[in-house]
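So the structure is just underneath, and the comments pick up after that.
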Amino acid sequence: MMGQPAKRHEVTCPHCNAVVEQKPGAGRVKRYCTPEAGRSYRRRMRALGFDV
């Protein structure tokens with residue numbers, strides 16, 4: 001949606017498909033529900049040959 005902050009959109013964790021809660025205000029959008037979920041997802045994608 002044009003003109004809307006990226007943090008307002010619902011984000012689902014690519015590792016476990018859970019909805020990721022965002023903190024209000026400026027900053028980076030959280031993509032994973034936990035740091036371990038992010039590490040596991042990136043490890044799995046690298047094993048499949050993707051450049052992550």
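Residues are referred to by chain and number: the chain letter is A, B, ... according to the order shown in the structure tokens, the number counts from 1 in that chain, and ligands are numbered separately from 1 in the order shown.
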
| Can you tell me, as a ChimeraX atom specification, what residues are no more than 6 Å from range 6-23 of chain A when counting only C-alpha atoms, ignoring any on the same chain fewer than 3 positions away? | /A:29,31-33,37,41

| Filtered DSSP result for chain A, state helix (DSSP H, G or I), as a PyMOL selection string | chain A and resi 6-8+35-47

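When CA of Pro5 in chain A is paired with CA of Glu36 in chain A, their separation reads 26.2 Å.
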
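CA of Val52 in chain A is found 21.8 Å from CA of Gly27 in chain A.
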
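For the atom pair formed by CA of Asp51 in chain A and CA of Gly38 in chain A, the distance is 14.7 Å, given to one decimal.
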
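Within chain A, DSSP applied to the backbone places the following residues in strand (DSSP E or B): Val11, Thr12, Val19 and Val20 of chain A.
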